[in-house]
2 protein chains.
Amino acid sequence: MTAVLRTADVLSYLAEAPPRPVGVTEIAGALGLSKAVVFRILASLRDRGYVEFDSQTRRYLLGPRSLALGMAYLERADVRQPVHDALVTLSARSHETATLSFRTGWQRIYVDQVLPADDIKMVVPIGRLFPLHAGASSKAFLAFLPAAEQDRFFAENRRLPALTDRTVVSPRALRAELEQIRADGFAASRGERQPGAASVAAPVLDSHGHPAAVISVCGPSERFEARRPQATELLLAETARLSRQAHPGSPLPF
Amino acid sequence: MTAVLRTADVLSYLAEAPPRPVGVTEIAGALGLSKAVVFRILASLRDRGYVEFDSQTRRYLLGPRSLALGMAYLERADVRQPVHDALVTLSARSHETATLSFRTGWQRIYVDQVLPADDIKMVVPIGRLFPLHAGASSKAFLAFLPAAEQDRFFAENRRLPALTDRTVVSPRALRAELEQIRADGFAASRGERQPGAASVAAPVLDSHGHPAAVISVCGPSERFEARRPQATELLLAETARLSRQAHPGSPLPF
DNA sequence: AACCTTGTTCCACTGAGCGGTACACTGTTC
DNA sequence: GAACAGTGTACCGCTCAGTGGAACAAGGTT
């Protein structure tokens, strides 16, 4: 249904565009739709509270109903609860931050994190979308995708934007790295997504062997490097345990 | 646009229905749509990651993209930042929880809160929707709505569901109370929305004098009663200050 | 004051989406 | 274990909702 797809795209644009109000023309241009269509979609979404209207600037913003949607997602019984204990364990034993990510399309989203007691800690943005090529968690998803889907990723993302000066932007180099990650069973990175941050990440595999989620341990890169070997070991123990619990059919393997 | 409105309603149903997977038939029945329509809407939303599918039970759940939407709303520059300082002040001086709510339709949503240092504290659910008739924050919205809109509320909500055994369920009684609230400039409640909780709430008014947001101070009812007078005074000072900053046109008055 | 560029409205055409129906499937009940 | 009642899914011809191009109003900018 094109109308529904367009609606979803308008919402996504409002969400991903900087937290600044956006106009009809901008959205229409970005999504390749006519102004009239975008206007009508926004009017309807406004009616339902998903979108708000700044009558001053005549621009549109997300509305409070969007927040309700997000929090409802987090309250889904199966989303975080089963893994949260694993994150607590990982963070406690590694003295670093443990995170949980899911994939949507060619992006990834942080869904949960547990912070260490230490004064200096890394905090990741829950609910923010990141591309699938930068950082250990992203690469862990990509590396364990079925070969066909991995090919589709490279076909549809010929250019890999740099988030930092350490982001891998060469498809060739990334492909080589993914092969290594698959062989190792985990991904490592330093400052690819966020300057000064380092991490190890490994997937939780569902009953088909596809990555259902990725867990990472991450921290400030200087001190993390020393802890990396131990963190990796702890991480792999947990992801292996969770993958074994895989429950066929469910979107999540827990 | 009916398709967009229907899409919004399906999402809202998924969000407000308990955090349990729901089926096509249930949604179609609840929203008065044909199964085919709901099916197609869900298929499209699934394609964009707003909805997930549990192939085991053949039921639908919210997807991670919904979370991205919610967090993007919170990152809107103007949503919490300008009021957050006021909440910090209120919580620190009252030693209780200070909250911020917005309205969507005939519901209200917690958007921010600041907790006291005390071991025993009240915590409200950010991003959850509540009806406009139960609790001090809700009544503060209702009481300061323009008369015409208030009438529409009572016309469209002839039955007021009880959230607790102290919820005001009689429209007559509620109307009388709203008049009093309007005269006082603030609303008070005890256990109307949540057993054992008490609060005072007052609106922040925009340049038209309409309630743009509601701030409340709330806590465990036993200890809160003693602190209520002082909390009320502090609250009214802050809401008056914020209302004066009202900025015409913008959806928020800050 | 002329000029863009924005959001908004209009309108006749048309194909996307409608819903009634039929189907495949699963879990339950007798 | 067979009939059943429920589900989600697929089909298809009709029809009106939604389309997009163009015109309009209203600010902003030069």
# chains A, B, ... in the order shown; residues from 1 in each chain; ligands from 1

call {"tool": "closest_atom_pairs", "arguments": {"of": "chain A", "to": "chain B", "cutoff": "8 Å", "atoms": "only C-alpha atoms", "output": "CSV"}}
result
residue,atom,partner,partner_atom,distance
A:Met1,CA,B:Ser44,CA,6.2
A:Ala3,CA,B:Ala3,CA,6.3
A:Val4,CA,B:Ser44,CA,6.2
A:Leu5,CA,B:Ser44,CA,5.8
A:Thr7,CA,B:Val4,CA,6.4
A:Ala8,CA,B:Arg48,CA,6.7
A:Asp9,CA,B:Arg48,CA,7.8
A:Leu11,CA,B:Leu69,CA,7.5
A:Ser12,CA,B:Leu69,CA,7.1
A:Ala15,CA,B:Ala72,CA,5.2
A:Glu16,CA,B:Ala72,CA,7.3
A:Pro19,CA,B:Arg76,CA,4.7
A:Arg20,CA,B:Arg76,CA,6.8
A:Arg40,CA,B:Met1,CA,6.6
A:Ile41,CA,B:Val4,CA,6.3
A:Ser44,CA,B:Leu5,CA,5.8
A:Leu45,CA,B:Leu5,CA,6.8
A:Arg48,CA,B:Ala8,CA,6.7
A:Gly49,CA,B:Thr104,CA,5.8
A:Tyr50,CA,B:Ala8,CA,7.8
A:Glu52,CA,B:Pro251,CA,7.1
A:Phe53,CA,B:Pro251,CA,6.6
A:Asp54,CA,B:Ser250,CA,5.0
A:Ser55,CA,B:Gly249,CA,5.2
A:Gln56,CA,B:Gly249,CA,4.7
A:Leu61,CA,B:Arg76,CA,8.0
A:Leu62,CA,B:Tyr73,CA,5.6
A:Gly63,CA,B:Tyr73,CA,6.7
A:Pro64,CA,B:Thr104,CA,6.8
A:Arg65,CA,B:Thr104,CA,6.9
A:Ser66,CA,B:Gly70,CA,5.0
A:Leu67,CA,B:Gly70,CA,3.7
A:Ala68,CA,B:Gly127,CA,4.7
A:Leu69,CA,B:Ala15,CA,5.4
A:Gly70,CA,B:Leu67,CA,3.7
A:Met71,CA,B:Gly127,CA,5.5
A:Ala72,CA,B:Ala15,CA,5.2
A:Tyr73,CA,B:Leu62,CA,5.6
A:Leu74,CA,B:Leu67,CA,7.2
A:Glu75,CA,B:Pro19,CA,6.1
A:Arg76,CA,B:Pro19,CA,4.7
A:Ala77,CA,B:Pro19,CA,6.3
A:Phe102,CA,B:Pro64,CA,7.2
A:Arg103,CA,B:Pro64,CA,7.8
A:Thr104,CA,B:Gly49,CA,5.8
A:Gly105,CA,B:Gly49,CA,7.3
A:Ile109,CA,B:Pro64,CA,7.2
A:Ile126,CA,B:Met71,CA,7.5
A:Gly127,CA,B:Ala68,CA,4.7
A:Arg128,CA,B:Ala68,CA,5.7
A:Leu129,CA,B:Ala68,CA,6.7
A:Pro248,CA,B:Gln56,CA,7.5
A:Gly249,CA,B:Gln56,CA,4.6
A:Ser250,CA,B:Asp54,CA,4.9
A:Pro251,CA,B:Asp54,CA,5.5

call {"tool": "select_by_dssp", "arguments": {"residues": "stretch 130-239 of chain B", "states": "helix (DSSP H, G or I)", "output": "VMD selection string"}}
result
chain B and resid 136 to 144 147 to 156 171 to 184 221 to 239

call {"tool": "interface_residues", "arguments": {"of": "chain D", "to": "chain A", "cutoff": "12 Å", "atoms": "only C-alpha atoms (C1' of nucleotides)", "output": "list in words"}}
result
DA17, DG18, DT19, DG20, DG21, DA22, DA26, DG27 and DG28 of chain D

call {"tool": "interface_residues", "arguments": {"of": "chain C", "to": "chain B", "cutoff": "10 Å", "atoms": "only C-alpha atoms (C1' of nucleotides)", "output": "mmCIF file with C-alpha atoms (C1' of nucleotides), in the first residue's frame"}}
result
data_model
loop_
_atom_site.group_PDB
_atom_site.id
_atom_site.type_symbol
_atom_site.label_atom_id
_atom_site.label_comp_id
_atom_site.auth_asym_id
_atom_site.auth_seq_id
_atom_site.Cartn_x
_atom_site.Cartn_y
_atom_site.Cartn_z
ATOM 1 C "C1'" DG C 17 -7.174 0.124 -2.544
ATOM 2 C "C1'" DC C 18 -11.632 -1.618 -1.186
ATOM 3 C "C1'" DG C 19 -14.289 -5.434 0.944
ATOM 4 C "C1'" DG C 20 -16.817 -9.717 0.133
ATOM 5 C "C1'" DT C 26 -3.498 -24.342 13.255
#

call {"tool": "atom_distance", "arguments": {"atom1": "atom CA of B:Ala213", "atom2": "atom CA of B:Pro82"}}
result
12.0 Å

call {"tool": "atom_distance", "arguments": {"atom1": "atom CA of B:Leu90", "atom2": "atom CA of B:Gly185"}}
result
17.3 Å

call {"tool": "atom_distance", "arguments": {"atom1": "atom CA of B:Pro161", "atom2": "atom CA of B:Arg190"}}
result
16.6 Å

call {"tool": "residues_around", "arguments": {"residues": "C:DA22", "least_positions_apart": "2", "cutoff": "12 Å", "atoms": "only C-alpha atoms (C1' of nucleotides)", "output": "ChimeraX atom specification"}}
result
/C:20,24 /D:9-12

call {"tool": "write_last_selection", "arguments": {"atoms": "C-alpha atoms (C1' of nucleotides)", "output": "tab-separated table (two decimals), in the first residue's frame"}}
result
chain	number	residue	atom	x	y	z
C	20	DG	C1'	-16.82	-9.72	0.13
C	24	DA	C1'	-4.99	-22.70	3.83
D	9	DT	C1'	-3.62	-14.72	3.67
D	10	DA	C1'	-4.87	-14.37	-1.39
D	11	DC	C1'	-7.94	-13.07	-5.04
D	12	DC	C1'	-10.49	-9.85	-8.04

call {"tool": "select_by_dssp", "arguments": {"residues": "stretch 111-237 of chain A", "states": "strand (DSSP E)", "output": "number ranges by chain"}}
result
A: 111-114, 129-131, 187-190, 197-205, 211-220

call {"tool": "write_last_selection", "arguments": {"atoms": "N, CA and C atoms", "output": "compact mmCIF listing (two decimals), in the first residue's frame"}}
result
# COMPACT_ATOMS: atom_id res chain seq x y z
N VAL A 111 18.95 -0.54 21.95
CA VAL A 111 17.68 -0.77 22.61
C VAL A 111 17.85 -0.84 24.13
N ASP A 112 19.02 -1.19 24.58
CA ASP A 112 19.25 -1.29 26.02
C ASP A 112 20.75 -1.13 26.29
N GLN A 113 21.07 -0.68 27.51
CA GLN A 113 22.46 -0.63 27.92
C GLN A 113 22.53 -0.73 29.43
N VAL A 114 23.65 -1.24 29.92
CA VAL A 114 23.90 -1.25 31.36
C VAL A 114 25.26 -0.62 31.58
N LEU A 129 19.34 5.63 15.45
CA LEU A 129 19.68 4.71 14.36
C LEU A 129 21.11 4.96 13.88
N PHE A 130 21.83 3.87 13.58
CA PHE A 130 23.18 3.99 13.04
C PHE A 130 23.32 3.09 11.83
N PRO A 131 24.19 3.49 10.88
CA PRO A 131 24.39 2.67 9.69
C PRO A 131 25.08 1.35 10.05
N ALA A 187 33.30 -9.06 16.51
CA ALA A 187 33.83 -7.88 15.82
C ALA A 187 34.46 -6.93 16.83
N ALA A 188 35.51 -6.26 16.41
CA ALA A 188 36.15 -5.27 17.28
C ALA A 188 36.25 -3.95 16.52
N SER A 189 36.27 -2.86 17.26
CA SER A 189 36.45 -1.57 16.59
C SER A 189 36.99 -0.54 17.56
N ARG A 190 37.48 0.53 16.98
CA ARG A 190 38.01 1.63 17.79
C ARG A 190 37.74 2.94 17.06
N ALA A 197 35.88 6.03 21.39
CA ALA A 197 35.17 4.86 21.91
C ALA A 197 35.73 3.59 21.27
N ALA A 198 35.71 2.51 22.04
CA ALA A 198 36.15 1.22 21.50
C ALA A 198 35.19 0.15 21.98
N SER A 199 35.11 -0.93 21.22
CA SER A 199 34.18 -1.99 21.63
C SER A 199 34.46 -3.33 20.98
N VAL A 200 33.90 -4.36 21.59
CA VAL A 200 33.79 -5.70 20.99
C VAL A 200 32.32 -6.03 20.93
N ALA A 201 31.92 -6.75 19.88
CA ALA A 201 30.50 -7.08 19.73
C ALA A 201 30.37 -8.46 19.12
N ALA A 202 29.28 -9.14 19.49
CA ALA A 202 29.00 -10.46 18.91
C ALA A 202 27.50 -10.63 18.80
N PRO A 203 27.07 -11.39 17.79
CA PRO A 203 25.63 -11.55 17.57
C PRO A 203 25.01 -12.64 18.45
N VAL A 204 23.73 -12.46 18.71
CA VAL A 204 22.93 -13.56 19.24
C VAL A 204 22.20 -14.14 18.03
N LEU A 205 22.38 -15.41 17.78
CA LEU A 205 21.82 -16.01 16.57
C LEU A 205 20.49 -16.70 16.86
N PRO A 211 21.56 -13.33 12.64
CA PRO A 211 21.74 -12.46 13.82
C PRO A 211 20.42 -11.78 14.21
N ALA A 212 19.92 -12.11 15.38
CA ALA A 212 18.66 -11.53 15.86
C ALA A 212 18.94 -10.27 16.65
N ALA A 213 20.10 -10.21 17.26
CA ALA A 213 20.48 -9.05 18.07
C ALA A 213 22.00 -9.05 18.16
N VAL A 214 22.56 -7.92 18.56
CA VAL A 214 23.99 -7.87 18.81
C VAL A 214 24.23 -7.30 20.19
N ILE A 215 25.12 -7.94 20.93
CA ILE A 215 25.52 -7.43 22.23
C ILE A 215 26.95 -6.92 22.12
N SER A 216 27.20 -5.78 22.75
CA SER A 216 28.56 -5.27 22.72
C SER A 216 29.01 -4.89 24.12
N VAL A 217 30.32 -4.88 24.31
CA VAL A 217 30.92 -4.28 25.49
C VAL A 217 31.78 -3.15 24.97
N CYS A 218 31.61 -1.96 25.55
CA CYS A 218 32.32 -0.81 25.01
C CYS A 218 32.73 0.17 26.09
N GLY A 219 33.73 0.98 25.77
CA GLY A 219 34.21 1.95 26.76
C GLY A 219 35.16 2.94 26.12
N PRO A 220 35.66 3.86 26.93
CA PRO A 220 36.64 4.84 26.45
C PRO A 220 37.86 4.10 25.93

call {"tool": "closest_residue", "arguments": {"among": "A:Ser221, A:Val24, A:Gln245, A:Ala231", "to": "A:Ile120", "atoms": "only C-alpha atoms"}}
result
A:Ser221

call {"tool": "residues_around", "arguments": {"residues": "B:Pro146", "least_positions_apart": "5", "cutoff": "9 Å", "atoms": "only C-alpha atoms (C1' of nucleotides)", "output": "list in words"}}
result
Asp151, Gly209 and His210 of chain B

call {"tool": "closest_residue", "arguments": {"among": "B:Gly191, B:His95, B:Lys139, B:Leu115", "to": "B:Glu222", "atoms": "only C-alpha atoms"}}
result
B:Gly191
